[in-house]
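Asker: Pasting entry25.txt below, which is compact mmCIF, C-alpha atoms.
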```txt
# COMPACT_ATOMS: atom_id res chain seq x y z
CA MET A 156 168.26 -25.27 -16.42
CA ASN A 157 169.62 -27.24 -13.52
CA ASN A 158 171.76 -25.41 -10.99
CA GLY A 159 174.87 -27.35 -12.03
CA SER A 160 174.72 -26.42 -15.70
CA GLN A 161 177.43 -23.76 -15.41
CA ASN A 162 179.89 -26.46 -14.34
CA LEU A 163 179.62 -28.00 -17.79
CA ALA A 164 181.96 -25.33 -19.09
CA PRO A 165 185.28 -26.96 -20.03
CA ALA A 166 188.55 -25.35 -19.05
CA ARG A 167 189.56 -22.79 -21.66
CA THR A 168 192.99 -22.70 -23.26
CA GLY A 169 192.30 -19.61 -25.37
CA GLN A 170 191.33 -16.07 -24.41
CA ALA A 171 189.90 -15.94 -20.90
CA GLY A 172 186.62 -14.34 -19.88
CA THR A 173 184.64 -14.83 -23.08
CA ASN A 174 181.37 -16.64 -23.56
CA THR A 175 181.23 -16.04 -27.30
CA PRO A 176 181.11 -19.32 -29.25
CA LEU A 177 183.98 -19.84 -31.69
CA SER A 178 181.50 -20.56 -34.48
CA ASN A 179 177.98 -21.77 -34.86
CA HIS A 180 178.02 -23.35 -38.32
CA ARG A 181 177.22 -26.84 -36.99
CA ASP A 182 173.89 -27.03 -35.19
CA TRP A 183 172.80 -28.97 -32.13
CA GLN A 184 171.63 -31.92 -34.23
CA PHE A 185 175.11 -32.41 -35.70
CA HIS A 186 176.75 -32.28 -32.29
CA ALA A 187 174.13 -34.46 -30.57
CA GLU A 188 174.35 -37.17 -33.25
CA ARG A 189 178.16 -37.16 -33.18
CA ILE A 190 178.36 -37.24 -29.37
CA ASN A 191 175.79 -40.04 -29.10
CA ALA A 192 177.56 -42.05 -31.81
CA ALA A 193 180.90 -41.76 -29.98
CA TRP A 194 179.40 -42.68 -26.62
CA GLY A 195 180.47 -46.18 -25.65
CA LYS A 196 182.26 -48.32 -23.11
CA GLN A 197 185.77 -48.37 -24.56
CA VAL A 198 188.25 -45.86 -23.17
CA ALA A 199 188.94 -44.22 -26.54
CA SER A 200 185.20 -43.73 -27.09
CA ILE A 201 184.75 -42.20 -23.64
CA ILE A 202 187.54 -39.68 -24.22
CA GLU A 203 186.30 -39.00 -27.75
CA THR A 204 182.83 -38.27 -26.41
CA GLY A 205 184.29 -35.80 -23.93
CA ARG A 206 186.26 -34.06 -26.67
CA TYR A 207 183.15 -33.79 -28.84
CA LEU A 208 181.32 -32.23 -25.90
CA ILE A 209 184.12 -29.67 -25.59
CA GLU A 210 183.89 -28.88 -29.31
CA ALA A 211 180.13 -28.50 -29.05
CA TYR A 212 180.52 -26.16 -26.08
CA ASP A 213 183.02 -24.05 -28.03
CA GLU A 214 180.88 -23.83 -31.16
CA MET A 215 177.33 -23.51 -29.84
CA GLU A 216 175.43 -20.75 -28.12
CA ARG A 217 175.29 -21.45 -24.39
CA ALA A 218 171.51 -21.89 -24.28
CA SER A 219 171.58 -24.28 -27.24
CA PHE A 220 174.39 -26.32 -25.73
CA GLU A 221 172.63 -26.64 -22.37
CA ALA A 222 169.35 -27.62 -24.05
CA MET A 223 171.14 -30.27 -26.14
CA VAL A 224 172.80 -31.77 -23.05
CA GLN A 225 169.52 -31.77 -21.16
CA GLN A 226 167.33 -33.22 -23.91
CA LYS A 227 169.20 -34.76 -26.84
CA LEU A 228 172.05 -36.88 -25.49
CA ALA A 229 172.17 -40.50 -24.36
CA PHE A 230 173.33 -39.34 -20.89
CA GLY A 231 172.58 -36.49 -18.52
CA PRO A 232 174.34 -33.24 -17.55
CA SER A 233 176.22 -34.82 -14.64
CA THR A 234 177.78 -37.46 -16.91
CA ALA A 235 178.54 -34.82 -19.55
CA ARG A 236 180.40 -32.73 -16.98
CA LYS A 237 182.50 -35.72 -15.92
CA LEU A 238 183.28 -36.68 -19.53
CA ILE A 239 184.57 -33.15 -20.15
CA VAL A 240 186.84 -33.40 -17.09
CA ILE A 241 188.18 -36.77 -18.32
CA ALA A 242 188.84 -35.47 -21.83
CA HIS A 243 190.79 -32.52 -20.40
CA HIS A 244 193.06 -34.74 -18.28
CA SER A 245 196.27 -34.93 -20.31
CA ILE A 246 197.87 -37.74 -18.25
CA LEU A 247 194.89 -40.09 -18.60
CA CYS A 248 194.55 -39.30 -22.31
CA ALA A 249 198.21 -40.23 -22.79
CA HIS A 250 197.75 -43.72 -21.24
CA VAL A 251 194.56 -44.97 -22.89
CA HIS A 252 195.80 -48.57 -23.19
CA LYS A 253 196.26 -48.83 -19.40
CA LEU A 254 192.85 -47.48 -18.41
CA PRO A 255 189.61 -49.23 -17.39
CA PRO A 256 186.65 -48.88 -19.83
CA SER A 257 184.42 -47.14 -17.26
CA TRP A 258 183.75 -43.40 -17.30
CA GLY A 259 182.95 -43.52 -13.58
CA THR A 260 186.32 -45.06 -12.75
CA LEU A 261 188.13 -42.67 -15.10
CA TYR A 262 186.46 -39.72 -13.40
CA GLU A 263 187.60 -41.01 -10.00
CA LEU A 264 191.15 -41.21 -11.37
CA THR A 265 191.02 -37.51 -12.31
CA LYS A 266 190.64 -36.74 -8.59
CA LEU A 267 193.94 -38.39 -7.62
CA PRO A 268 196.96 -36.14 -6.97
CA ILE A 269 199.16 -36.06 -10.05
CA GLU A 270 202.12 -37.69 -8.31
CA VAL A 271 199.92 -40.55 -7.05
CA LEU A 272 198.39 -41.04 -10.50
CA ARG A 273 201.82 -41.19 -12.14
CA GLU A 274 203.05 -43.74 -9.58
CA LYS A 275 199.97 -45.93 -10.01
CA LEU A 276 200.42 -45.88 -13.78
CA LYS A 277 204.11 -46.69 -13.45
CA ASN A 278 203.77 -49.64 -11.07
CA GLY A 279 200.84 -51.22 -12.89
CA ASP A 280 198.14 -50.61 -10.28
CA ILE A 281 196.09 -48.90 -12.98
CA SER A 282 194.94 -51.43 -15.57
CA PRO A 283 191.81 -52.15 -17.66
CA LYS A 284 190.52 -54.30 -14.76
CA LEU A 285 190.65 -51.48 -12.21
CA GLU A 286 187.34 -50.78 -10.44
CA ARG A 287 186.00 -47.46 -9.15
CA ARG A 288 185.81 -48.58 -5.53
CA GLU A 289 189.55 -49.36 -5.58
CA VAL A 290 190.30 -45.81 -6.74
CA ALA A 291 188.02 -44.52 -3.99
CA ARG A 292 190.10 -46.47 -1.45
CA TRP A 293 193.27 -44.93 -2.87
CA ARG A 294 191.77 -41.49 -2.31
CA LYS A 295 191.05 -42.43 1.30
CA GLY A 296 194.55 -43.82 1.84
CA GLU A 297 193.29 -47.38 2.25
CA SER A 298 194.68 -48.79 -0.96
CA ASP A 299 197.54 -50.81 0.49
CA LYS A 300 195.59 -52.88 3.00
CA ILE A 301 193.31 -55.86 3.27
CA ILE A 302 191.98 -57.18 6.56
CA VAL A 303 192.94 -60.72 7.66
CA ASP A 304 192.00 -61.85 11.18
CA GLY A 305 191.33 -58.24 12.10
CA LYS A 306 194.81 -57.11 11.00
CA ALA A 307 195.85 -55.04 7.98
CA VAL A 308 198.07 -56.78 5.43
CA GLU A 309 200.04 -54.50 3.14
CA HIS A 310 199.63 -55.04 -0.61
CA LYS A 311 203.32 -54.19 -1.03
CA ARG A 312 203.88 -57.53 0.70
CA LYS A 313 201.52 -59.50 -1.54
CA PRO A 314 199.02 -61.45 0.62
CA SER A 315 199.28 -65.21 0.30
CA LEU A 316 196.43 -67.15 -1.28
CA ALA A 317 195.43 -68.41 2.17
CA GLU A 318 195.26 -64.82 3.48
CA GLN A 319 193.21 -63.70 0.50
CA LEU A 320 190.76 -66.57 0.97
CA LYS A 321 190.50 -65.87 4.69
CA ALA A 322 189.86 -62.18 4.00
CA ALA A 323 187.13 -63.09 1.49
CA LYS A 324 185.56 -65.53 3.96
CA THR A 325 185.55 -62.87 6.70
CA GLU A 326 183.88 -60.39 4.37
CA ASN A 327 181.26 -62.96 3.36
CA GLU A 328 180.50 -63.83 6.99
CA THR A 329 180.14 -60.14 7.82
CA LEU A 330 177.70 -59.67 4.95
CA LYS A 331 175.70 -62.77 5.96
CA ALA A 332 175.39 -61.49 9.52
CA LYS A 333 174.29 -58.10 8.25
CA LEU A 334 171.75 -59.68 5.90
CA LYS A 335 170.30 -61.76 8.74
CA SER A 336 170.02 -58.87 11.17
CA ALA A 337 168.52 -56.57 8.52
CA GLY A 338 165.86 -59.04 7.40
CA GLY A 339 167.53 -59.97 4.12
CA SER A 340 168.83 -56.52 3.18
CA LEU A 341 172.44 -55.38 2.90
CA PHE A 342 171.54 -52.45 5.13
CA ASP A 343 169.03 -51.37 7.74
CA LEU A 344 167.22 -48.26 6.50
CA ALA A 345 166.22 -47.30 10.03
CA LEU A 346 169.61 -47.67 11.69
CA ASP A 347 172.50 -47.55 9.21
CA PRO A 348 174.10 -44.15 8.44
CA ALA A 349 173.20 -42.70 5.03
CA GLU A 350 176.88 -42.80 4.01
CA GLU A 351 177.07 -46.55 4.70
CA ILE A 352 173.86 -47.21 2.75
CA GLY A 353 175.18 -45.20 -0.19
CA LYS A 354 178.51 -47.07 -0.12
CA LEU A 355 176.81 -50.47 -0.09
CA ILE A 356 174.55 -49.53 -2.98
CA ALA A 357 177.44 -48.17 -5.05
CA ASP A 358 179.60 -51.24 -4.34
CA ASN A 359 176.88 -53.69 -5.36
CA MET A 360 175.26 -52.04 -8.38
CA SER A 361 176.39 -51.04 -11.85
CA GLU A 362 176.51 -47.32 -12.63
CA SER A 363 173.50 -47.49 -14.94
CA ARG A 364 171.36 -49.28 -12.33
CA PHE A 365 172.56 -46.88 -9.64
CA ASP A 366 171.58 -43.87 -11.79
CA LYS A 367 168.15 -45.40 -12.43
CA ALA A 368 167.68 -46.09 -8.71
CA VAL A 369 168.53 -42.48 -7.83
CA LYS A 370 166.11 -41.15 -10.46
CA ALA A 371 163.37 -43.48 -9.21
CA ALA A 372 163.94 -42.41 -5.59
CA LYS A 373 163.83 -38.71 -6.50
CA ALA A 374 160.63 -39.24 -8.50
CA ARG A 375 159.08 -41.06 -5.52
CA TYR A 376 159.93 -38.24 -3.12
CA LYS A 377 158.57 -35.69 -5.56
CA ALA A 378 155.33 -37.64 -5.83
CA LYS A 379 155.05 -37.90 -2.04
CA ARG A 380 155.57 -34.15 -1.61
CA SER A 381 152.92 -33.32 -4.19
CA LYS A 382 150.35 -35.71 -2.68
CA PRO A 383 147.66 -33.88 -0.68
CA ALA A 384 147.82 -34.40 3.08
CA GLY A 385 145.25 -36.77 4.61
```
Could you write out this structure as structure tokens?
Answerer:
Amino acid sequence: MNNGSQNLAPARTGQAGTNTPLSNHRDWQFHAERINAAWGKQVASIIETGRYLIEAYDEMERASFEAMVQQKLAFGPSTARKLIVIAHHSILCAHVHKLPPSWGTLYELTKLPIEVLREKLKNGDISPKLERREVARWRKGESDKIIVDGKAVEHKRKPSLAEQLKAAKTENETLKAKLKSAGGSLFDLALDPAEEIGKLIADNMSESRFDKAVKAAKARYKAKRSKPAG
């Protein structure tokens, strides 16, 4: 099993310190089919999938559960772990109608301090249109700023349309300059920091394409390592 499999364990609300399944009457096939059927892009489906994962964890033997997650689901162990975290978050589950239909964005929201999350829900910052990168900026304390003429403009004082257009134009010009200097790429593999490359990829790709890119890169490195020298 992968070294992160133990993190799939959901938080327990019952007796602590036990690994004994509550029951094992429903086998892996039942749980896998139900989890895969619930898996979707609407918020309710995402939370439902996480809850089904928790039920499966509670009912199945540990080895059977891990094997099901590894081999029988429409997503991998990392996604399963995040879905469990989302389904356990009582505040998010109580505001389904305000949430974005993206499990990646929902998982980022679980990382916010509770008081920040409550405030964002109250003032309307969290809506179905919210994107993951915006939540990431909140976590870095950059949520209330956009850059216009090199200066930060607070969102609390809503930027004018002219300021928003100027900010967009500045961002576009920066990207064009970067593309030109990097030979048509958003980043320079030889010079840019790994963190910057990762941020650019995440900001310009969907989650599914990003996951596929990571898998392809890992497979390529594995193939290179196994290739005989010379």
Asker: Which distance in Å separates atom CA of A:Ser200 and atom CA of A:Arg294, to one decimal?
Answerer: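 The value is 25.7 Å.
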Asker: By how many Å are atom CA of A:Ala187 and atom CA of A:His243 apart?
Answerer: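 Separation of atom CA of A:Ala187 and atom CA of A:His243: 19.6 Å.
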Asker: Could you give me the axis-aligned bounding box of stretch 272-282 of chain A, with 6 Å of padding per side, as centre plus edge lengths in Å to one decimal, as JSON?
Answerer:
```
{"center_x": 199.5, "center_y": -46.2, "center_z": -12.6, "size_x": 21.2, "size_y": 22.4, "size_z": 18.0}
```
Asker: Show me, as a list in words, the residues that have an atom within 12 Å of A:Phe230 when counting all atoms listed in the file, minus same-chain residues fewer than 2 positions from it.
Answerer: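 Once the adjacent positions are removed, what remains is Ala187, Ile190, Asn191, Trp194, Gly195, Thr204, Gly205, Leu208, Met223, Val224, Gln225, Gln226, Lys227, Leu228, Pro232, Ser233, Thr234, Ala235, Arg236, Lys237, Leu238, Trp258, Glu362, Ser363, Asp366 and Lys367 of chain A.
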Asker: For A:Glu289, which residue among A:Leu264, A:Ala378, A:Val271, A:Val240 is the nearest when counting only C-alpha atoms?
Answerer: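 Residue with the minimum atom-to-atom distance to A:Glu289: A:Leu264.
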Asker: With N, CA and C atoms as the goal, would you fill in the gaps in stretch 206-230 of chain A and present it as a PDB file, in the frame of the given file?
Answerer:
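What landed in part-v6.pdb:
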```
ATOM      1  N   ARG A 206     185.683 -35.066 -25.759  1.00  0.00           N
ATOM      2  CA  ARG A 206     186.260 -34.060 -26.670  1.00  0.00           C
ATOM      3  C   ARG A 206     185.188 -33.474 -27.583  1.00  0.00           C
ATOM      4  N   TYR A 207     184.254 -34.299 -28.021  1.00  0.00           N
ATOM      5  CA  TYR A 207     183.150 -33.790 -28.840  1.00  0.00           C
ATOM      6  C   TYR A 207     182.269 -32.838 -28.035  1.00  0.00           C
ATOM      7  N   LEU A 208     182.085 -33.137 -26.754  1.00  0.00           N
ATOM      8  CA  LEU A 208     181.320 -32.230 -25.900  1.00  0.00           C
ATOM      9  C   LEU A 208     182.028 -30.870 -25.787  1.00  0.00           C
ATOM     10  N   ILE A 209     183.344 -30.909 -25.664  1.00  0.00           N
ATOM     11  CA  ILE A 209     184.120 -29.670 -25.590  1.00  0.00           C
ATOM     12  C   ILE A 209     183.980 -28.875 -26.883  1.00  0.00           C
ATOM     13  N   GLU A 210     184.062 -29.557 -28.026  1.00  0.00           N
ATOM     14  CA  GLU A 210     183.890 -28.880 -29.310  1.00  0.00           C
ATOM     15  C   GLU A 210     182.505 -28.264 -29.423  1.00  0.00           C
ATOM     16  N   ALA A 211     181.495 -29.016 -28.991  1.00  0.00           N
ATOM     17  CA  ALA A 211     180.130 -28.500 -29.050  1.00  0.00           C
ATOM     18  C   ALA A 211     179.991 -27.262 -28.176  1.00  0.00           C
ATOM     19  N   TYR A 212     180.579 -27.304 -26.993  1.00  0.00           N
ATOM     20  CA  TYR A 212     180.520 -26.160 -26.080  1.00  0.00           C
ATOM     21  C   TYR A 212     181.171 -24.938 -26.723  1.00  0.00           C
ATOM     22  N   ASP A 213     182.307 -25.157 -27.403  1.00  0.00           N
ATOM     23  CA  ASP A 213     183.020 -24.050 -28.030  1.00  0.00           C
ATOM     24  C   ASP A 213     182.263 -23.459 -29.214  1.00  0.00           C
ATOM     25  N   GLU A 214     181.522 -24.286 -29.933  1.00  0.00           N
ATOM     26  CA  GLU A 214     180.880 -23.830 -31.160  1.00  0.00           C
ATOM     27  C   GLU A 214     179.460 -23.303 -30.969  1.00  0.00           C
ATOM     28  N   MET A 215     178.755 -23.816 -29.965  1.00  0.00           N
ATOM     29  CA  MET A 215     177.330 -23.510 -29.840  1.00  0.00           C
ATOM     30  C   MET A 215     177.060 -22.348 -28.887  1.00  0.00           C
ATOM     31  N   GLU A 216     175.913 -21.711 -29.096  1.00  0.00           N
ATOM     32  CA  GLU A 216     175.430 -20.750 -28.120  1.00  0.00           C
ATOM     33  C   GLU A 216     175.182 -21.485 -26.801  1.00  0.00           C
ATOM     34  N   ARG A 217     175.405 -20.788 -25.680  1.00  0.00           N
ATOM     35  CA  ARG A 217     175.290 -21.450 -24.390  1.00  0.00           C
ATOM     36  C   ARG A 217     173.917 -22.088 -24.172  1.00  0.00           C
ATOM     37  N   ALA A 218     172.859 -21.361 -24.513  1.00  0.00           N
ATOM     38  CA  ALA A 218     171.510 -21.890 -24.280  1.00  0.00           C
ATOM     39  C   ALA A 218     171.268 -23.141 -25.127  1.00  0.00           C
ATOM     40  N   SER A 219     171.761 -23.128 -26.360  1.00  0.00           N
ATOM     41  CA  SER A 219     171.580 -24.280 -27.240  1.00  0.00           C
ATOM     42  C   SER A 219     172.360 -25.487 -26.739  1.00  0.00           C
ATOM     43  N   PHE A 220     173.569 -25.227 -26.251  1.00  0.00           N
ATOM     44  CA  PHE A 220     174.390 -26.320 -25.730  1.00  0.00           C
ATOM     45  C   PHE A 220     173.722 -26.954 -24.510  1.00  0.00           C
ATOM     46  N   GLU A 221     173.262 -26.117 -23.576  1.00  0.00           N
ATOM     47  CA  GLU A 221     172.630 -26.640 -22.370  1.00  0.00           C
ATOM     48  C   GLU A 221     171.365 -27.425 -22.710  1.00  0.00           C
ATOM     49  N   ALA A 222     170.578 -26.922 -23.657  1.00  0.00           N
ATOM     50  CA  ALA A 222     169.350 -27.620 -24.050  1.00  0.00           C
ATOM     51  C   ALA A 222     169.674 -28.964 -24.695  1.00  0.00           C
ATOM     52  N   MET A 223     170.732 -29.017 -25.510  1.00  0.00           N
ATOM     53  CA  MET A 223     171.140 -30.270 -26.140  1.00  0.00           C
ATOM     54  C   MET A 223     171.547 -31.291 -25.079  1.00  0.00           C
ATOM     55  N   VAL A 224     172.350 -30.858 -24.103  1.00  0.00           N
ATOM     56  CA  VAL A 224     172.800 -31.770 -23.050  1.00  0.00           C
ATOM     57  C   VAL A 224     171.617 -32.273 -22.230  1.00  0.00           C
ATOM     58  N   GLN A 225     170.678 -31.393 -21.970  1.00  0.00           N
ATOM     59  CA  GLN A 225     169.520 -31.770 -21.160  1.00  0.00           C
ATOM     60  C   GLN A 225     168.569 -32.728 -21.885  1.00  0.00           C
ATOM     61  N   GLN A 226     168.421 -32.565 -23.215  1.00  0.00           N
ATOM     62  CA  GLN A 226     167.330 -33.220 -23.910  1.00  0.00           C
ATOM     63  C   GLN A 226     167.725 -34.190 -25.031  1.00  0.00           C
ATOM     64  N   LYS A 227     168.906 -34.046 -25.607  1.00  0.00           N
ATOM     65  CA  LYS A 227     169.200 -34.760 -26.840  1.00  0.00           C
ATOM     66  C   LYS A 227     170.288 -35.812 -26.745  1.00  0.00           C
ATOM     67  N   LEU A 228     170.936 -35.935 -25.606  1.00  0.00           N
ATOM     68  CA  LEU A 228     172.050 -36.880 -25.490  1.00  0.00           C
ATOM     69  C   LEU A 228     171.624 -38.166 -24.793  1.00  0.00           C
ATOM     70  N   ALA A 229     172.465 -39.188 -24.949  1.00  0.00           N
ATOM     71  CA  ALA A 229     172.170 -40.500 -24.360  1.00  0.00           C
ATOM     72  C   ALA A 229     172.527 -40.545 -22.873  1.00  0.00           C
ATOM     73  N   PHE A 230     172.969 -39.431 -22.308  1.00  0.00           N
ATOM     74  CA  PHE A 230     173.330 -39.340 -20.890  1.00  0.00           C
ATOM     75  C   PHE A 230     172.975 -37.945 -20.398  1.00  0.00           C
TER      76      PHE A 230
END
```
